[in-house]
Amino acid sequence: MKKTIVIVFYNQSIEASKTFRTLINDCKEILSEEISIILYDNSPNSQKFDQKKYVNINITYKHDSRNLGIATAYNYAWSIAKTNGSEWLVLFDHDTEVTKQYVQQMGEVKEVDSGIAAVVPIISCEGTVISPVFSDTLRPLQQERPKAGVQKKPIMAINSGSLIKVSFLNQINGFNESFALDYLDHWIFYEIYSNGFKVQVLDVNLEHELSVMDYSRVSLNRYISIIDSESYFYQHYHKELLPAYRSQLLKRLIKQLLIVKNKRIAIQTLKKFLSLK
């Protein structure tokens with residue numbers, strides 16, 4: 001069963017990328033011949049990448065200095081997946097540690113139930129399981145996590161490591177570029193359940209670096225991107241959580257005023273809180 005993998009890079013050397021190193025160097029002997037890999041580079045400058053070094057692996061490099069975000073990269077990969085007849089599109093950031101167990105289970109994802117639109121691993125960051133989570137609350141990391149298996153109750157998973165069925169992407173016309181970078185994962189899993197589909201969770205755990213969990217590692221511009229996408233999502237999609245989201249913004253603002261050194265982040269939270277109706 002054909003699969004297309006896309007790894008999105010930004011200001012990261014391909015061969016130094018944790019995702020690329022673990023996928024190609026550690027798992028290459030078990031990669032199926034039916035897997036195509038797209039390296040989509042959003043960096044300002046193109047990298048020198050010698051595809052001939054990687055024999056018996058179908059790898060293509062695509063540079064896009066416009067840096068339009070991951071949605072554009074995913075849509076490019078979706079178009080390639082349709083062309084090469086792939087059933088699944090596998091999404092990766094450049095900082096996920098891929099394991100042989102994951103690759104084996106990914107390879108075994110074949111004839112799943114027709115109602116399954118995505119298959120996802122369990123993802124940890126610094127010892128905490130961050131994905132998947134149930135999507136009926138604004139504080140999912142304080143709740144019980146989904147167990148392996150088919151999830152009837154709506155969940156959300158981070159993009160990296162997720163397999164999305166190409167036929168489902170065809171049905172919804174690909175990825176929503178209104179979520180160029182942030183909250184695209186919230187949107188795609190919202191669409192899965194809104195369209196009557198479900199998600200299957202693999203019994204495998206991957207480690208992923210997620211800097212947005214720490215305000216000290218998030219730039220002001222990135223925070224603005226996050227909060228703009230976040231508020232847009234709750235205003236236009238998960239509308240039933242909008243009142244709770246507004247209350248959560250106020251709590252976040254108070255916390256930021258007390259403990260976050262960069263008060264410009266708190267100012268952006270205040271502006272967003274006042275703009276919500």
# chains A, B, ... in the order shown; residues from 1 in each chain; ligands from 1
$ residues_around --residues "segment 53-57 of chain A" --least-positions-apart "5" --cutoff "12 Å" --atoms "only C-alpha atoms" --output "PDB file with all heavy atoms, in the first residue's frame"
ATOM      1  N   ILE A   5       5.578  10.264   2.395  1.00  0.00           N
ATOM      2  CA  ILE A   5       6.010  10.943   3.619  1.00  0.00           C
ATOM      3  C   ILE A   5       6.504  12.329   3.251  1.00  0.00           C
ATOM      4  O   ILE A   5       7.255  12.499   2.292  1.00  0.00           O
ATOM      5  CB  ILE A   5       7.147  10.169   4.311  1.00  0.00           C
ATOM      6  CG1 ILE A   5       6.669   8.792   4.773  1.00  0.00           C
ATOM      7  CG2 ILE A   5       7.708  10.960   5.494  1.00  0.00           C
ATOM      8  CD1 ILE A   5       7.778   7.928   5.370  1.00  0.00           C
ATOM      9  N   GLU A  15      20.418  16.688   6.911  1.00  0.00           N
ATOM     10  CA  GLU A  15      21.094  15.509   7.448  1.00  0.00           C
ATOM     11  C   GLU A  15      21.359  15.617   8.947  1.00  0.00           C
ATOM     12  O   GLU A  15      21.712  14.635   9.592  1.00  0.00           O
ATOM     13  CB  GLU A  15      22.368  15.241   6.661  1.00  0.00           C
ATOM     14  CG  GLU A  15      22.036  14.853   5.207  1.00  0.00           C
ATOM     15  CD  GLU A  15      23.259  14.478   4.403  1.00  0.00           C
ATOM     16  OE1 GLU A  15      24.327  15.052   4.664  1.00  0.00           O
ATOM     17  OE2 GLU A  15      23.137  13.616   3.522  1.00  0.00           O
ATOM     18  N   PHE A  20      15.006  13.162   9.962  1.00  0.00           N
ATOM     19  CA  PHE A  20      15.681  12.564   8.815  1.00  0.00           C
ATOM     20  C   PHE A  20      16.687  11.508   9.261  1.00  0.00           C
ATOM     21  O   PHE A  20      16.749  10.410   8.700  1.00  0.00           O
ATOM     22  CB  PHE A  20      16.384  13.650   7.991  1.00  0.00           C
ATOM     23  CG  PHE A  20      17.031  13.123   6.740  1.00  0.00           C
ATOM     24  CD1 PHE A  20      16.291  12.935   5.588  1.00  0.00           C
ATOM     25  CD2 PHE A  20      18.384  12.803   6.719  1.00  0.00           C
ATOM     26  CE1 PHE A  20      16.882  12.436   4.434  1.00  0.00           C
ATOM     27  CE2 PHE A  20      18.986  12.308   5.574  1.00  0.00           C
ATOM     28  CZ  PHE A  20      18.227  12.125   4.428  1.00  0.00           C
ATOM     29  N   LEU A  23      14.848   8.382  10.649  1.00  0.00           N
ATOM     30  CA  LEU A  23      14.056   7.701   9.621  1.00  0.00           C
ATOM     31  C   LEU A  23      14.950   7.029   8.582  1.00  0.00           C
ATOM     32  O   LEU A  23      14.773   5.848   8.269  1.00  0.00           O
ATOM     33  CB  LEU A  23      13.115   8.691   8.931  1.00  0.00           C
ATOM     34  CG  LEU A  23      12.244   8.121   7.801  1.00  0.00           C
ATOM     35  CD1 LEU A  23      11.278   7.073   8.345  1.00  0.00           C
ATOM     36  CD2 LEU A  23      11.474   9.243   7.100  1.00  0.00           C
ATOM     37  N   ILE A  24      15.919   7.776   8.062  1.00  0.00           N
ATOM     38  CA  ILE A  24      16.748   7.262   6.970  1.00  0.00           C
ATOM     39  C   ILE A  24      17.897   6.393   7.472  1.00  0.00           C
ATOM     40  O   ILE A  24      18.142   5.300   6.956  1.00  0.00           O
ATOM     41  CB  ILE A  24      17.309   8.417   6.118  1.00  0.00           C
ATOM     42  CG1 ILE A  24      16.168   9.263   5.548  1.00  0.00           C
ATOM     43  CG2 ILE A  24      18.177   7.870   4.990  1.00  0.00           C
ATOM     44  CD1 ILE A  24      15.195   8.504   4.682  1.00  0.00           C
ATOM     45  N   ASN A  25      18.594   6.855   8.492  1.00  0.00           N
ATOM     46  CA  ASN A  25      19.779   6.117   8.945  1.00  0.00           C
ATOM     47  C   ASN A  25      19.428   4.914   9.814  1.00  0.00           C
ATOM     48  O   ASN A  25      20.033   3.847   9.676  1.00  0.00           O
ATOM     49  CB  ASN A  25      20.719   7.043   9.712  1.00  0.00           C
ATOM     50  CG  ASN A  25      21.282   8.142   8.834  1.00  0.00           C
ATOM     51  OD1 ASN A  25      21.333   8.008   7.622  1.00  0.00           O
ATOM     52  ND2 ASN A  25      21.687   9.241   9.436  1.00  0.00           N
ATOM     53  N   CYS A  27      16.242   3.498  10.207  1.00  0.00           N
ATOM     54  CA  CYS A  27      15.097   2.678   9.790  1.00  0.00           C
ATOM     55  C   CYS A  27      15.101   2.327   8.308  1.00  0.00           C
ATOM     56  O   CYS A  27      14.143   1.734   7.817  1.00  0.00           O
ATOM     57  CB  CYS A  27      13.787   3.400  10.131  1.00  0.00           C
ATOM     58  SG  CYS A  27      13.619   3.854  11.871  1.00  0.00           S
ATOM     59  N   LYS A  28      16.171   2.702   7.573  1.00  0.00           N
ATOM     60  CA  LYS A  28      16.118   2.558   6.122  1.00  0.00           C
ATOM     61  C   LYS A  28      15.960   1.106   5.673  1.00  0.00           C
ATOM     62  O   LYS A  28      15.366   0.831   4.635  1.00  0.00           O
ATOM     63  CB  LYS A  28      17.353   3.180   5.475  1.00  0.00           C
ATOM     64  CG  LYS A  28      18.673   2.555   5.877  1.00  0.00           C
ATOM     65  CD  LYS A  28      19.826   3.294   5.210  1.00  0.00           C
ATOM     66  CE  LYS A  28      21.173   2.723   5.633  1.00  0.00           C
ATOM     67  NZ  LYS A  28      22.301   3.476   5.014  1.00  0.00           N
ATOM     68  N   GLU A  29      16.484   0.166   6.476  1.00  0.00           N
ATOM     69  CA  GLU A  29      16.423  -1.234   6.062  1.00  0.00           C
ATOM     70  C   GLU A  29      15.018  -1.802   6.130  1.00  0.00           C
ATOM     71  O   GLU A  29      14.745  -2.860   5.554  1.00  0.00           O
ATOM     72  CB  GLU A  29      17.387  -2.092   6.899  1.00  0.00           C
ATOM     73  CG  GLU A  29      16.948  -2.329   8.337  1.00  0.00           C
ATOM     74  CD  GLU A  29      17.396  -1.224   9.281  1.00  0.00           C
ATOM     75  OE1 GLU A  29      17.823  -0.165   8.787  1.00  0.00           O
ATOM     76  OE2 GLU A  29      17.331  -1.436  10.503  1.00  0.00           O
ATOM     77  N   ILE A  30      14.106  -1.114   6.844  1.00  0.00           N
ATOM     78  CA  ILE A  30      12.732  -1.615   6.923  1.00  0.00           C
ATOM     79  C   ILE A  30      11.739  -0.696   6.207  1.00  0.00           C
ATOM     80  O   ILE A  30      10.532  -0.911   6.282  1.00  0.00           O
ATOM     81  CB  ILE A  30      12.289  -1.841   8.387  1.00  0.00           C
ATOM     82  CG1 ILE A  30      12.386  -0.544   9.196  1.00  0.00           C
ATOM     83  CG2 ILE A  30      13.103  -2.936   9.034  1.00  0.00           C
ATOM     84  CD1 ILE A  30      11.807  -0.681  10.596  1.00  0.00           C
ATOM     85  N   LEU A  31      12.259   0.330   5.520  1.00  0.00           N
ATOM     86  CA  LEU A  31      11.369   1.192   4.742  1.00  0.00           C
ATOM     87  C   LEU A  31      10.878   0.424   3.518  1.00  0.00           C
ATOM     88  O   LEU A  31      11.655  -0.179   2.798  1.00  0.00           O
ATOM     89  CB  LEU A  31      12.090   2.470   4.305  1.00  0.00           C
ATOM     90  CG  LEU A  31      12.337   3.541   5.373  1.00  0.00           C
ATOM     91  CD1 LEU A  31      13.173   4.667   4.793  1.00  0.00           C
ATOM     92  CD2 LEU A  31      11.024   4.088   5.910  1.00  0.00           C
ATOM     93  N   SER A  32       9.595   0.480   3.278  1.00  0.00           N
ATOM     94  CA  SER A  32       9.016  -0.204   2.128  1.00  0.00           C
ATOM     95  C   SER A  32       9.397   0.509   0.834  1.00  0.00           C
ATOM     96  O   SER A  32       9.566   1.728   0.801  1.00  0.00           O
ATOM     97  CB  SER A  32       7.491  -0.252   2.273  1.00  0.00           C
ATOM     98  OG  SER A  32       6.878  -0.627   1.053  1.00  0.00           O
ATOM     99  N   GLU A  33       9.509  -0.269  -0.226  1.00  0.00           N
ATOM    100  CA  GLU A  33       9.783   0.318  -1.544  1.00  0.00           C
ATOM    101  C   GLU A  33       8.610   1.170  -2.029  1.00  0.00           C
ATOM    102  O   GLU A  33       8.755   1.958  -2.956  1.00  0.00           O
ATOM    103  CB  GLU A  33      10.082  -0.786  -2.556  1.00  0.00           C
ATOM    104  CG  GLU A  33      11.377  -1.535  -2.288  1.00  0.00           C
ATOM    105  CD  GLU A  33      11.650  -2.610  -3.322  1.00  0.00           C
ATOM    106  OE1 GLU A  33      10.797  -2.784  -4.217  1.00  0.00           O
ATOM    107  OE2 GLU A  33      12.703  -3.261  -3.246  1.00  0.00           O
ATOM    108  N   GLU A  34       7.447   0.982  -1.411  1.00  0.00           N
ATOM    109  CA  GLU A  34       6.264   1.737  -1.824  1.00  0.00           C
ATOM    110  C   GLU A  34       6.146   3.066  -1.086  1.00  0.00           C
ATOM    111  O   GLU A  34       5.132   3.749  -1.183  1.00  0.00           O
ATOM    112  CB  GLU A  34       5.002   0.903  -1.597  1.00  0.00           C
ATOM    113  CG  GLU A  34       4.909  -0.309  -2.517  1.00  0.00           C
ATOM    114  CD  GLU A  34       3.562  -0.988  -2.442  1.00  0.00           C
ATOM    115  OE1 GLU A  34       2.970  -1.013  -1.348  1.00  0.00           O
ATOM    116  OE2 GLU A  34       3.093  -1.472  -3.488  1.00  0.00           O
ATOM    117  N   ILE A  35       7.191   3.447  -0.337  1.00  0.00           N
ATOM    118  CA  ILE A  35       7.183   4.715   0.388  1.00  0.00           C
ATOM    119  C   ILE A  35       8.006   5.748  -0.369  1.00  0.00           C
ATOM    120  O   ILE A  35       9.167   5.505  -0.713  1.00  0.00           O
ATOM    121  CB  ILE A  35       7.733   4.538   1.818  1.00  0.00           C
ATOM    122  CG1 ILE A  35       6.759   3.703   2.655  1.00  0.00           C
ATOM    123  CG2 ILE A  35       7.972   5.888   2.490  1.00  0.00           C
ATOM    124  CD1 ILE A  35       7.224   3.441   4.068  1.00  0.00           C
ATOM    125  N   SER A  36       7.393   6.901  -0.631  1.00  0.00           N
ATOM    126  CA  SER A  36       8.096   8.036  -1.241  1.00  0.00           C
ATOM    127  C   SER A  36       8.286   9.100  -0.162  1.00  0.00           C
ATOM    128  O   SER A  36       7.388   9.337   0.653  1.00  0.00           O
ATOM    129  CB  SER A  36       7.296   8.618  -2.404  1.00  0.00           C
ATOM    130  OG  SER A  36       7.093   7.654  -3.415  1.00  0.00           O
ATOM    131  N   ILE A  37       9.455   9.755  -0.170  1.00  0.00           N
ATOM    132  CA  ILE A  37       9.766  10.761   0.847  1.00  0.00           C
ATOM    133  C   ILE A  37      10.012  12.102   0.173  1.00  0.00           C
ATOM    134  O   ILE A  37      10.831  12.209  -0.739  1.00  0.00           O
ATOM    135  CB  ILE A  37      10.995  10.344   1.672  1.00  0.00           C
ATOM    136  CG1 ILE A  37      10.739   9.001   2.371  1.00  0.00           C
ATOM    137  CG2 ILE A  37      11.340  11.419   2.705  1.00  0.00           C
ATOM    138  CD1 ILE A  37      11.954   8.430   3.074  1.00  0.00           C
ATOM    139  N   ILE A  38       9.294  13.127   0.640  1.00  0.00           N
ATOM    140  CA  ILE A  38       9.464  14.491   0.152  1.00  0.00           C
ATOM    141  C   ILE A  38      10.094  15.322   1.258  1.00  0.00           C
ATOM    142  O   ILE A  38       9.590  15.367   2.380  1.00  0.00           O
ATOM    143  CB  ILE A  38       8.115  15.126  -0.254  1.00  0.00           C
ATOM    144  CG1 ILE A  38       7.458  14.312  -1.369  1.00  0.00           C
ATOM    145  CG2 ILE A  38       8.309  16.580  -0.679  1.00  0.00           C
ATOM    146  CD1 ILE A  38       6.018  14.714  -1.634  1.00  0.00           C
TER     147      ILE A  38
END
$ select_by_dssp --residues "segment 165-273 of chain A" --states "strand (DSSP E)" --output "PyMOL selection string"
chain A and resi 165+198-208
$ write_last_selection --atoms "N, CA, C and O atoms" --output "JSON list (two decimals), in the first residue's frame"
[["chain", "number", "residue", "atom", "x", "y", "z"],
["A", 165, "LYS", "N", -5.43, 9.85, 5.49],
["A", 165, "LYS", "CA", -5.88, 9.14, 4.29],
["A", 165, "LYS", "C", -6.06, 10.13, 3.13],
["A", 165, "LYS", "O", -6.73, 11.17, 3.28],
["A", 198, "LYS", "N", -13.28, 8.66, 11.93],
["A", 198, "LYS", "CA", -12.63, 8.41, 13.22],
["A", 198, "LYS", "C", -11.12, 8.34, 13.04],
["A", 198, "LYS", "O", -10.61, 8.36, 11.91],
["A", 199, "VAL", "N", -10.42, 8.24, 14.17],
["A", 199, "VAL", "CA", -8.96, 8.18, 14.19],
["A", 199, "VAL", "C", -8.54, 6.91, 14.93],
["A", 199, "VAL", "O", -9.14, 6.53, 15.93],
["A", 200, "GLN", "N", -7.49, 6.26, 14.41],
["A", 200, "GLN", "CA", -6.92, 5.10, 15.09],
["A", 200, "GLN", "C", -5.58, 5.49, 15.70],
["A", 200, "GLN", "O", -4.75, 6.11, 15.05],
["A", 201, "VAL", "N", -5.38, 5.12, 16.96],
["A", 201, "VAL", "CA", -4.13, 5.41, 17.66],
["A", 201, "VAL", "C", -3.27, 4.15, 17.69],
["A", 201, "VAL", "O", -3.73, 3.08, 18.10],
["A", 202, "LEU", "N", -2.03, 4.28, 17.24],
["A", 202, "LEU", "CA", -1.08, 3.16, 17.25],
["A", 202, "LEU", "C", -0.54, 2.95, 18.66],
["A", 202, "LEU", "O", -0.41, 3.90, 19.44],
["A", 203, "ASP", "N", -0.16, 1.72, 18.95],
["A", 203, "ASP", "CA", 0.46, 1.40, 20.23],
["A", 203, "ASP", "C", 1.96, 1.56, 20.10],
["A", 203, "ASP", "O", 2.74, 0.61, 20.21],
["A", 204, "VAL", "N", 2.40, 2.80, 19.85],
["A", 204, "VAL", "CA", 3.81, 3.11, 19.67],
["A", 204, "VAL", "C", 4.02, 4.57, 20.10],
["A", 204, "VAL", "O", 3.17, 5.42, 19.86],
["A", 205, "ASN", "N", 5.17, 4.83, 20.73],
["A", 205, "ASN", "CA", 5.44, 6.16, 21.28],
["A", 205, "ASN", "C", 6.65, 6.77, 20.59],
["A", 205, "ASN", "O", 7.70, 6.13, 20.47],
["A", 206, "LEU", "N", 6.51, 8.04, 20.15],
["A", 206, "LEU", "CA", 7.62, 8.79, 19.56],
["A", 206, "LEU", "C", 7.93, 9.99, 20.44],
["A", 206, "LEU", "O", 7.05, 10.54, 21.10],
["A", 207, "GLU", "N", 9.19, 10.43, 20.39],
["A", 207, "GLU", "CA", 9.61, 11.62, 21.13],
["A", 207, "GLU", "C", 9.69, 12.79, 20.15],
["A", 207, "GLU", "O", 10.21, 12.67, 19.05],
["A", 208, "HIS", "N", 9.15, 13.93, 20.60],
["A", 208, "HIS", "CA", 9.08, 15.11, 19.72],
["A", 208, "HIS", "C", 9.44, 16.36, 20.51],
["A", 208, "HIS", "O", 9.03, 16.50, 21.67]]
$ atom_distance --atom1 "atom CA of Ser114 of chain A" --atom2 "atom CA of Glu191 of chain A"
15.9 Å
$ residues_around --residues "segment 249-252 of chain A" --least-positions-apart "3" --cutoff "9 Å" --atoms "only C-alpha atoms" --output "ChimeraX atom specification"
/A:244-246,255-257,266,269-270,272-273
$ residues_around --residues "Arg139 of chain A" --least-positions-apart "4" --cutoff "12 Å" --atoms "only C-alpha atoms" --output "ChimeraX atom specification"
/A:130,133-135,143-145,241,244-245,248,252
$ residues_around --residues "Lys277 of chain A" --least-positions-apart "5" --cutoff "12 Å" --atoms "only C-alpha atoms" --output "list in words"
Ser231, Tyr234, Gln235, Lys239, Leu242, Pro243, Tyr245, Arg246, Ser247 and Lys272 of chain A
$ write_last_selection --atoms "N, CA, C and O atoms" --output "PDB file, in the first residue's frame"
ATOM      1  N   SER A 231      -7.407  31.683  18.197  1.00  0.00           N
ATOM      2  CA  SER A 231      -8.683  32.402  18.309  1.00  0.00           C
ATOM      3  C   SER A 231      -9.544  32.206  17.070  1.00  0.00           C
ATOM      4  O   SER A 231     -10.771  32.057  17.164  1.00  0.00           O
ATOM      5  N   TYR A 234     -11.329  28.782  17.315  1.00  0.00           N
ATOM      6  CA  TYR A 234     -12.475  28.717  18.228  1.00  0.00           C
ATOM      7  C   TYR A 234     -13.620  29.642  17.802  1.00  0.00           C
ATOM      8  O   TYR A 234     -14.771  29.395  18.136  1.00  0.00           O
ATOM      9  N   GLN A 235     -13.313  30.647  17.039  1.00  0.00           N
ATOM     10  CA  GLN A 235     -14.371  31.531  16.539  1.00  0.00           C
ATOM     11  C   GLN A 235     -15.104  30.936  15.341  1.00  0.00           C
ATOM     12  O   GLN A 235     -16.297  31.194  15.161  1.00  0.00           O
ATOM     13  N   LYS A 239     -16.741  26.237  17.933  1.00  0.00           N
ATOM     14  CA  LYS A 239     -17.395  27.413  18.512  1.00  0.00           C
ATOM     15  C   LYS A 239     -17.950  27.171  19.908  1.00  0.00           C
ATOM     16  O   LYS A 239     -18.061  28.106  20.709  1.00  0.00           O
ATOM     17  N   LEU A 242     -15.758  28.455  22.595  1.00  0.00           N
ATOM     18  CA  LEU A 242     -15.347  29.861  22.575  1.00  0.00           C
ATOM     19  C   LEU A 242     -15.505  30.552  23.928  1.00  0.00           C
ATOM     20  O   LEU A 242     -14.591  31.263  24.361  1.00  0.00           O
ATOM     21  N   PRO A 243     -16.634  30.390  24.649  1.00  0.00           N
ATOM     22  CA  PRO A 243     -16.734  31.035  25.971  1.00  0.00           C
ATOM     23  C   PRO A 243     -15.637  30.565  26.930  1.00  0.00           C
ATOM     24  O   PRO A 243     -15.044  31.366  27.656  1.00  0.00           O
ATOM     25  N   TYR A 245     -12.751  29.408  26.031  1.00  0.00           N
ATOM     26  CA  TYR A 245     -11.488  29.927  25.514  1.00  0.00           C
ATOM     27  C   TYR A 245     -11.271  31.363  25.977  1.00  0.00           C
ATOM     28  O   TYR A 245     -10.163  31.746  26.383  1.00  0.00           O
ATOM     29  N   ARG A 246     -12.319  32.175  25.955  1.00  0.00           N
ATOM     30  CA  ARG A 246     -12.196  33.562  26.406  1.00  0.00           C
ATOM     31  C   ARG A 246     -11.797  33.613  27.886  1.00  0.00           C
ATOM     32  O   ARG A 246     -10.928  34.397  28.285  1.00  0.00           O
ATOM     33  N   SER A 247     -12.401  32.758  28.695  1.00  0.00           N
ATOM     34  CA  SER A 247     -12.043  32.694  30.117  1.00  0.00           C
ATOM     35  C   SER A 247     -10.604  32.234  30.297  1.00  0.00           C
ATOM     36  O   SER A 247      -9.872  32.741  31.155  1.00  0.00           O
ATOM     37  N   LYS A 272      -6.042  40.238  22.287  1.00  0.00           N
ATOM     38  CA  LYS A 272      -6.895  39.179  21.749  1.00  0.00           C
ATOM     39  C   LYS A 272      -8.124  38.981  22.629  1.00  0.00           C
ATOM     40  O   LYS A 272      -9.239  38.799  22.126  1.00  0.00           O
TER      41      LYS A 272
END
$ closest_residue --among "A:Asp41, A:Glu230, A:Asp185, A:Asp95" --to "Val8 of chain A" --atoms "only C-alpha atoms"
A:Asp41
$ residues_around --residues "Ser178 of chain A" --least-positions-apart "4" --cutoff "12 Å" --atoms "only C-alpha atoms" --output "list of chain:residue names"
A:Leu68, A:Gly69, A:Ile70, A:Ala71, A:Thr72, A:Gly174, A:Asp182, A:Tyr183, A:Leu184, A:Trp187, A:Ile188, A:Ser225, A:Asp228, A:Ser229, A:Glu230, A:Tyr232, A:Phe233, A:His236
$ write_last_selection --atoms "all heavy atoms" --output "compact mmCIF listing (two decimals), in the first residue's frame"
# COMPACT_ATOMS: atom_id res chain seq x y z
N LEU A 68 5.78 29.75 3.38
CA LEU A 68 4.35 29.97 3.56
C LEU A 68 3.75 29.09 4.65
O LEU A 68 2.53 29.10 4.86
CB LEU A 68 3.62 29.75 2.23
CG LEU A 68 4.01 30.69 1.10
CD1 LEU A 68 3.25 30.35 -0.18
CD2 LEU A 68 3.78 32.14 1.49
N GLY A 69 4.58 28.31 5.32
CA GLY A 69 4.09 27.49 6.41
C GLY A 69 3.93 26.03 6.02
O GLY A 69 4.23 25.62 4.90
N ILE A 70 3.41 25.25 6.98
CA ILE A 70 3.32 23.81 6.74
C ILE A 70 2.10 23.45 5.89
O ILE A 70 2.12 22.43 5.19
CB ILE A 70 3.29 23.03 8.06
CG1 ILE A 70 2.12 23.47 8.96
CG2 ILE A 70 4.62 23.18 8.80
CD1 ILE A 70 1.97 22.62 10.20
N ALA A 71 1.04 24.24 5.92
CA ALA A 71 -0.15 23.89 5.13
C ALA A 71 0.18 23.86 3.64
O ALA A 71 -0.25 22.95 2.92
CB ALA A 71 -1.28 24.89 5.41
N THR A 72 0.95 24.83 3.18
CA THR A 72 1.36 24.85 1.76
C THR A 72 2.24 23.65 1.44
O THR A 72 2.08 23.00 0.39
CB THR A 72 2.13 26.15 1.45
OG1 THR A 72 1.25 27.27 1.64
CG2 THR A 72 2.63 26.16 0.01
N GLY A 174 -8.00 19.12 0.62
CA GLY A 174 -6.67 19.38 1.16
C GLY A 174 -6.66 20.16 2.46
O GLY A 174 -7.67 20.27 3.16
N ASP A 182 0.18 27.28 12.66
CA ASP A 182 -0.37 26.85 13.95
C ASP A 182 -1.85 26.48 13.84
O ASP A 182 -2.59 27.03 13.04
CB ASP A 182 -0.19 27.96 14.99
CG ASP A 182 1.28 28.26 15.24
OD1 ASP A 182 1.97 27.35 15.71
OD2 ASP A 182 1.73 29.38 14.93
N TYR A 183 -2.22 25.52 14.66
CA TYR A 183 -3.61 25.02 14.78
C TYR A 183 -4.09 24.29 13.53
O TYR A 183 -5.28 23.97 13.42
CB TYR A 183 -4.57 26.14 15.18
CG TYR A 183 -4.74 26.17 16.69
CD1 TYR A 183 -3.70 26.57 17.50
CD2 TYR A 183 -5.92 25.75 17.30
CE1 TYR A 183 -3.81 26.57 18.88
CE2 TYR A 183 -6.05 25.74 18.68
CZ TYR A 183 -5.00 26.15 19.46
OH TYR A 183 -5.12 26.12 20.82
N LEU A 184 -3.20 23.98 12.61
CA LEU A 184 -3.59 23.15 11.47
C LEU A 184 -3.96 21.75 11.95
O LEU A 184 -4.88 21.13 11.41
CB LEU A 184 -2.45 23.08 10.45
CG LEU A 184 -2.75 22.31 9.16
CD1 LEU A 184 -3.86 23.00 8.36
CD2 LEU A 184 -1.48 22.17 8.31
N TRP A 187 -7.41 21.81 13.35
CA TRP A 187 -8.40 21.91 12.27
C TRP A 187 -8.62 20.56 11.57
O TRP A 187 -9.75 20.14 11.35
CB TRP A 187 -7.96 22.96 11.24
CG TRP A 187 -8.85 22.96 10.04
CD1 TRP A 187 -10.06 23.58 9.90
CD2 TRP A 187 -8.60 22.27 8.80
NE1 TRP A 187 -10.59 23.32 8.66
CE2 TRP A 187 -9.72 22.52 7.96
CE3 TRP A 187 -7.57 21.48 8.33
CZ2 TRP A 187 -9.80 22.00 6.68
CZ3 TRP A 187 -7.66 20.95 7.05
CH2 TRP A 187 -8.77 21.23 6.24
N ILE A 188 -7.52 19.86 11.21
CA ILE A 188 -7.68 18.63 10.44
C ILE A 188 -8.43 17.57 11.24
O ILE A 188 -9.30 16.86 10.71
CB ILE A 188 -6.31 18.09 9.93
CG1 ILE A 188 -6.51 16.93 8.95
CG2 ILE A 188 -5.41 17.66 11.06
CD1 ILE A 188 -7.12 17.30 7.65
N SER A 225 1.41 34.48 16.02
CA SER A 225 0.90 33.49 15.07
C SER A 225 0.03 32.45 15.77
O SER A 225 -1.06 32.09 15.29
CB SER A 225 2.07 32.79 14.36
OG SER A 225 1.62 31.69 13.59
N ASP A 228 -3.32 34.10 17.11
CA ASP A 228 -4.22 34.45 16.00
C ASP A 228 -4.90 33.20 15.45
O ASP A 228 -6.12 33.19 15.21
CB ASP A 228 -3.44 35.14 14.88
CG ASP A 228 -3.11 36.59 15.19
OD1 ASP A 228 -3.67 37.13 16.17
OD2 ASP A 228 -2.30 37.19 14.46
N SER A 229 -4.13 32.13 15.24
CA SER A 229 -4.70 30.89 14.72
C SER A 229 -5.63 30.24 15.74
O SER A 229 -6.69 29.71 15.40
CB SER A 229 -3.58 29.91 14.34
OG SER A 229 -2.78 30.43 13.31
N GLU A 230 -5.23 30.29 16.99
CA GLU A 230 -6.01 29.71 18.09
C GLU A 230 -7.39 30.37 18.17
O GLU A 230 -8.42 29.69 18.20
CB GLU A 230 -5.22 29.93 19.37
CG GLU A 230 -5.82 29.39 20.64
CD GLU A 230 -4.94 29.74 21.83
OE1 GLU A 230 -4.76 30.94 22.11
OE2 GLU A 230 -4.43 28.81 22.47
N TYR A 232 -8.91 32.15 15.89
CA TYR A 232 -9.66 31.93 14.65
C TYR A 232 -10.32 30.56 14.67
O TYR A 232 -11.48 30.40 14.26
CB TYR A 232 -8.70 32.03 13.46
CG TYR A 232 -9.37 31.93 12.11
CD1 TYR A 232 -9.98 33.03 11.53
CD2 TYR A 232 -9.40 30.72 11.41
CE1 TYR A 232 -10.60 32.95 10.28
CE2 TYR A 232 -10.02 30.62 10.18
CZ TYR A 232 -10.61 31.73 9.61
OH TYR A 232 -11.24 31.63 8.40
N PHE A 233 -9.61 29.57 15.20
CA PHE A 233 -10.16 28.21 15.27
C PHE A 233 -11.40 28.17 16.15
O PHE A 233 -12.44 27.59 15.77
CB PHE A 233 -9.09 27.25 15.80
CG PHE A 233 -9.58 25.85 15.99
CD1 PHE A 233 -9.82 25.01 14.91
CD2 PHE A 233 -9.81 25.35 17.27
CE1 PHE A 233 -10.28 23.71 15.08
CE2 PHE A 233 -10.26 24.05 17.46
CZ PHE A 233 -10.50 23.24 16.36
N HIS A 236 -14.40 30.13 14.52
CA HIS A 236 -15.00 29.66 13.27
C HIS A 236 -15.24 28.15 13.21
O HIS A 236 -15.98 27.68 12.34
CB HIS A 236 -14.12 30.07 12.09
CG HIS A 236 -14.03 31.54 11.88
ND1 HIS A 236 -13.09 32.33 12.51
CD2 HIS A 236 -14.79 32.38 11.14
CE1 HIS A 236 -13.27 33.59 12.14
NE2 HIS A 236 -14.27 33.65 11.32
$ atom_distance --atom1 "atom CA of Tyr237 of chain A" --atom2 "atom CA of His186 of chain A"
9.6 Å
$ residues_around --residues "Ile116 of chain A" --least-positions-apart "6" --cutoff "12 Å" --atoms "only C-alpha atoms" --output "list of chain:residue names"
A:Trp88, A:Val109, A:Lys110, A:Gly149, A:Val150, A:Gln151, A:Lys152, A:Leu163, A:Ile164, A:Lys165, A:Val166, A:Ser167, A:Phe168, A:Phe189, A:Ile192, A:Tyr193, A:Asn195, A:Gly196, A:Phe197, A:Lys198, A:Val199, A:Gln200, A:Val201
